[in-house]
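Visitor: One structure coming up, written as C-alpha cells, with questions to follow.
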2 protein chains.
Amino acid sequence: MSLLVVGTVAFDAIETPFGKTDKILGGAATYIGLSASYFLKNSNLVSVVGEDFPQEHINLLTGKGVNVDGLQIKKGEKTFFWSGKYHIDMNSRDTLDTQLNVLATFDPIVPEAYKNAQFLMLGNLMPSIQQKVLNQLPNRPKLIVLDTMNFWMDNFLDDLLASLKNVDVLTINDEEARQLSGEFSLVKAAKKILKMGPKFLIIKKGEQGALLFNEHEVFFAPALPLEEVFDPTGAGDTFAGGFIGYLASTKDISFENMKRAVIYGSAMASFCVEKFGTERMQNLTKEEIHYRVNAFIDLVQFEIELP
Amino acid sequence: MSLLVVGTVAFDAIETPFGKTDKILGGAATYIGLSASYFLKNSNLVSVVGEDFPQEHINLLTGKGVNVDGLQIKKGEKTFFWSGKYHIDMNSRDTLDTQLNVLATFDPIVPEAYKNAQFLMLGNLMPSIQQKVLNQLPNRPKLIVLDTMNFWMDNFLDDLLASLKNVDVLTINDEEARQLSGEFSLVKAAKKILKMGPKFLIIKKGEQGALLFNEHEVFFAPALPLEEVFDPTGAGDTFAGGFIGYLASTKDISFENMKRAVIYGSAMASFCVEKFGTERMQNLTKEEIHYRVNAFIDLVQFEIELP
C-alpha cells in the first residue's frame, strides 16, 4: 500500500461558456485519487465530508481502489462547496461561492494502515493541515509531493515556507511561482524556489503545458492542443494524480522517470478537461491512455543529428 | 542560389524594461536574412531603404552572404522607421511611431539573377507587395513561406486571402490565427486556415512556443525557458529565417524535416531576444547554435515504452 492522498473531497458547481452544472463531485483529492487509480490498484485517502455526501460518490472512489478508511464523515455537517464561473478563454475564472463547512475544522487523522505510505500527495489545503498529516507518519515517505495555491501564500506564508522544507516536489502555477519567488522569469523563480526546500519544482501553465525543474535540469511538456476545452476544473489535480500515480507504480523517482510522469500527468489532464467535473475520469481505459500518450510523443518528438 | 527573402529593412527604436535604443538596424528581412545566413552561404534580398541607410548596415548583410542587388536605395528619401515600447511582461508592446517613408511607394523588383529561387520567404509586408514578388518569378519555387500580421487582416483581407492560395506555409501568431479563422481553439483555427490555401501553418506563440500543423499532423516546439528576455523585437522573423534557412540548406520539405526546421527556428529566436535588435544575431558560431539545439533536445525529449 504505497500512495497516500490528502486533500479536499467536495461539491463543485461549475459554469463554463459551454454550460453549467448543479452540485457535482469535486475536490482535489477526488481528482488525484481517480487519476492515480489508472496506475495503481490501491491508494489511501485522508479527507473529510459532511453527512450530505452521497454514498454513490464514495462507491465511485472505492470502486477505483481508493481506500476511504481515512475519509471522515461528519454527522450533521455539510461537505465543502465551491462554485465558479470560467471566462470565455477558460484560463481564468471567478469564484462565485465558497462554503468551507466541514473543512473549517478539519483535523486529519491518518489510519494506522496508511502510515507506511511510500508516496505522499499533499493536495491543495491549508499548509498546517498538510503538515499535520506529514507529522503522523513514523517514516518519511520515499517521495512527498505538495500542491498549493496563491491563497495560502497570501495568508499563511510562514506555514507554507515551513512545509516546503519537508517536501520533495512542489507543484504550483506560473503566477504562483512568480508570487512565491518575487521573480518574473520562471527560470529565475525556479532557482529561488528550489532553495526553499523542494528538490523538484513543477510549474503548471494550464494550456501552455508544464515545466519540471531540478537544480540543474529542466523539462517541458506541452498541453495537448485540443479542439475544445470543456471544463478545466480539476485539471491540475488530475495532472498531479497521474504524476504521482505513475511514479508510485514504477517506484523510480529519477529525473528521467519524472519526465515520463509529467507526460502521463499531462495526458490524464487532457482527458479531464473534455467533460464537466470528474465525468471523463470515471471510465477511461488503458488503451485510451496509451493512445493519448502516443499523441504527446507525436506532438513533441523529433530527430536531429548534430555534427 | 536558392533562397529569396522579401521584407522590410528598417530602423527601429526600442524601449524595454531593461533599456532603450536610438535608431538601430531592424526590419523583417534583416532578421530573416541574418538568421538564414547561419544555414546558407548565400541568399537574395528584395527590399527598399532611403538615402539615410548607412553603408555599415549594408556591409553587415553582404558580409553574411546576403546579396543586396534587390535592395533599392531611394535617393532623397528616408528608410522605414518603427518605434515601440514593450510592457513589463514582454508579451505585448505599444507602437510609439511608424514612419512608412520609402515603404509607402515600395514597388519590389526582383533581379534576373534571383528569379530561379527555390525557396521564397515573403516577410511581413502589404499582401499586394508580397504577391507582386511572386508574380515576377517564372517558375514556382519549391517552397513559399508567407508571414503576415493582424494589420493586413484588418485592412487588406481580400488581398491576403488571395495570396494565401499561392503559398505553402503561413506563419502567424495565435491571436492572428484566431482572427483569421474566427475560431478560438487553435486546433479548429488551424483546420480552417489550412482550407484557405497553405499546406502548412505555423502558429507562433512567443514565449509559449510554436505549433506546426499540416492537414493530419501537429508538432509543438516550446520556446527555451530563458533567465531573461531582453528584447523580443525580431524574434518571429528570426524564427522564420532559421526555419526557411534550414529547409533550404537541407532541400527537404517533408513534415519530419519541418519539425527540425521549427526547432532550429526556435533556437535562433532564443538568441535574438538576448540582446537589443540584431546584436546577438550578428556573430553567432555554429557551436553556439548546436549547443542551443541540444538544449531544446534536453528540454523536450523523453522515452516512454508503451506496452
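Ligands are numbered from 1 in the order shown, chains are lettered A, B, ... in the order of the C-alpha cells, and residues start at 1 in each chain.
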Could you tell me, as a PyMOL selection string, which residues of stretch 189-298 of chain A DSSP assigns to strand (DSSP E or B) when given the backbone?
Guide: chain A and resi 200-204+210-213+218-221
Visitor: Pick out each residue of stretch 129-226 of chain B that DSSP on the backbone tags as alpha helix (DSSP H); I need them as an MDAnalysis selection string.
Guide: chainID B and resid 129:135 150:155 157:164 174:181 186:194
Visitor: Taking C-alpha atoms for each residue, export the selection above as an mmCIF file, in the first residue's frame.
Guide:
```
data_model
loop_
_atom_site.group_PDB
_atom_site.id
_atom_site.type_symbol
_atom_site.label_atom_id
_atom_site.label_comp_id
_atom_site.auth_asym_id
_atom_site.auth_seq_id
_atom_site.Cartn_x
_atom_site.Cartn_y
_atom_site.Cartn_z
ATOM 1 C CA ILE B 129 3.531 43.679 -52.487
ATOM 2 C CA GLN B 130 4.173 40.084 -51.455
ATOM 3 C CA GLN B 131 2.065 38.984 -54.421
ATOM 4 C CA LYS B 132 3.969 41.263 -56.804
ATOM 5 C CA VAL B 133 7.176 39.454 -55.946
ATOM 6 C CA LEU B 134 5.611 36.082 -56.530
ATOM 7 C CA ASN B 135 4.267 37.257 -59.882
ATOM 8 C CA ASN B 150 -3.308 41.436 -37.959
ATOM 9 C CA PHE B 151 -2.935 44.864 -39.602
ATOM 10 C CA TRP B 152 -3.266 43.297 -43.057
ATOM 11 C CA MET B 153 -6.199 41.167 -41.894
ATOM 12 C CA ASP B 154 -7.932 44.317 -40.675
ATOM 13 C CA ASN B 155 -7.321 46.380 -43.799
ATOM 14 C CA LEU B 157 -8.110 40.874 -46.049
ATOM 15 C CA ASP B 158 -9.134 40.139 -49.650
ATOM 16 C CA ASP B 159 -5.578 40.643 -50.908
ATOM 17 C CA LEU B 160 -4.269 38.456 -48.117
ATOM 18 C CA LEU B 161 -6.774 35.677 -48.796
ATOM 19 C CA ALA B 162 -5.822 35.778 -52.476
ATOM 20 C CA SER B 163 -2.121 35.436 -51.598
ATOM 21 C CA LEU B 164 -2.819 32.559 -49.215
ATOM 22 C CA ASP B 174 -2.061 32.820 -32.014
ATOM 23 C CA GLU B 175 -4.233 35.920 -31.903
ATOM 24 C CA GLU B 176 -3.902 36.329 -35.653
ATOM 25 C CA ALA B 177 -4.845 32.687 -36.197
ATOM 26 C CA ARG B 178 -7.981 33.297 -34.131
ATOM 27 C CA GLN B 179 -8.772 36.466 -36.065
ATOM 28 C CA LEU B 180 -8.229 34.910 -39.480
ATOM 29 C CA SER B 181 -10.325 31.820 -38.706
ATOM 30 C CA LEU B 186 -6.117 26.861 -32.237
ATOM 31 C CA VAL B 187 -6.787 23.317 -33.430
ATOM 32 C CA LYS B 188 -10.035 24.429 -35.040
ATOM 33 C CA ALA B 189 -8.377 27.613 -36.303
ATOM 34 C CA ALA B 190 -5.643 25.584 -37.989
ATOM 35 C CA LYS B 191 -8.177 23.343 -39.741
ATOM 36 C CA LYS B 192 -9.967 26.363 -41.193
ATOM 37 C CA ILE B 193 -6.797 28.176 -42.223
ATOM 38 C CA LEU B 194 -5.392 25.090 -43.955
#
```
Visitor: Set the cut-off to 7 Å and count only C-alpha atoms: what are the residues of chain B that reach chain A? Output as a PyMOL selection string.
Guide: chain B and resi 185+187-188+208+218-221+225-228+259-260+290+299-302+304+306
Visitor: I want to know what sits within 9 Å of stretch 235-251 of chain A, based on only C-alpha atoms, with residues of the same chain fewer than 3 positions away left out; could you give that as number ranges by chain?
Guide: A: 2-3, 5, 27-40, 118-121, 123-124, 142-143, 145, 147, 171-173, 204, 206, 231-232, 257-258, 260-273, 281
Visitor: For B:Trp82, work out the shell of residues within 8 Å, counting only C-alpha atoms and skipping chain neighbours fewer than 3 positions away, then give it as an MDAnalysis selection string.
Guide: chainID B and resid 10:13 95:99
Visitor: Between atom CA of A:Pro111 and atom CA of A:Gly197, measure the distance and give it in Å to one decimal.
Guide: 27.5 Å
Visitor: For B:Tyr86, which residue out of B:Lys64, B:Lys20, B:His216, B:Arg280 is the nearest one, using only C-alpha atoms?
Guide: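 Answer, going by the shortest atom-to-atom distance: B:Lys20.
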Visitor: Just checking: using only C-alpha atoms, which residue out of B:Gly50, B:His57, B:Phe81, B:Val110 ends up closest to B:Thr278?
Guide: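 Looking only at the distances to B:Thr278, the closest residue turns out to be B:His57.
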Visitor: Mind pulling up the distance from atom CA of B:Val167 to atom CA of B:Glu215?
Guide: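 We find that atom CA of B:Glu215 and atom CA of B:Val167 lie 14.8 Å from each other.
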Visitor: Please indicate the distance in Å from atom CA of A:Leu45 to atom CA of A:Ile24, rounded to one decimal place.
Guide: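 Taking atom CA of A:Leu45 and atom CA of A:Ile24, their separation equals 19.2 Å.
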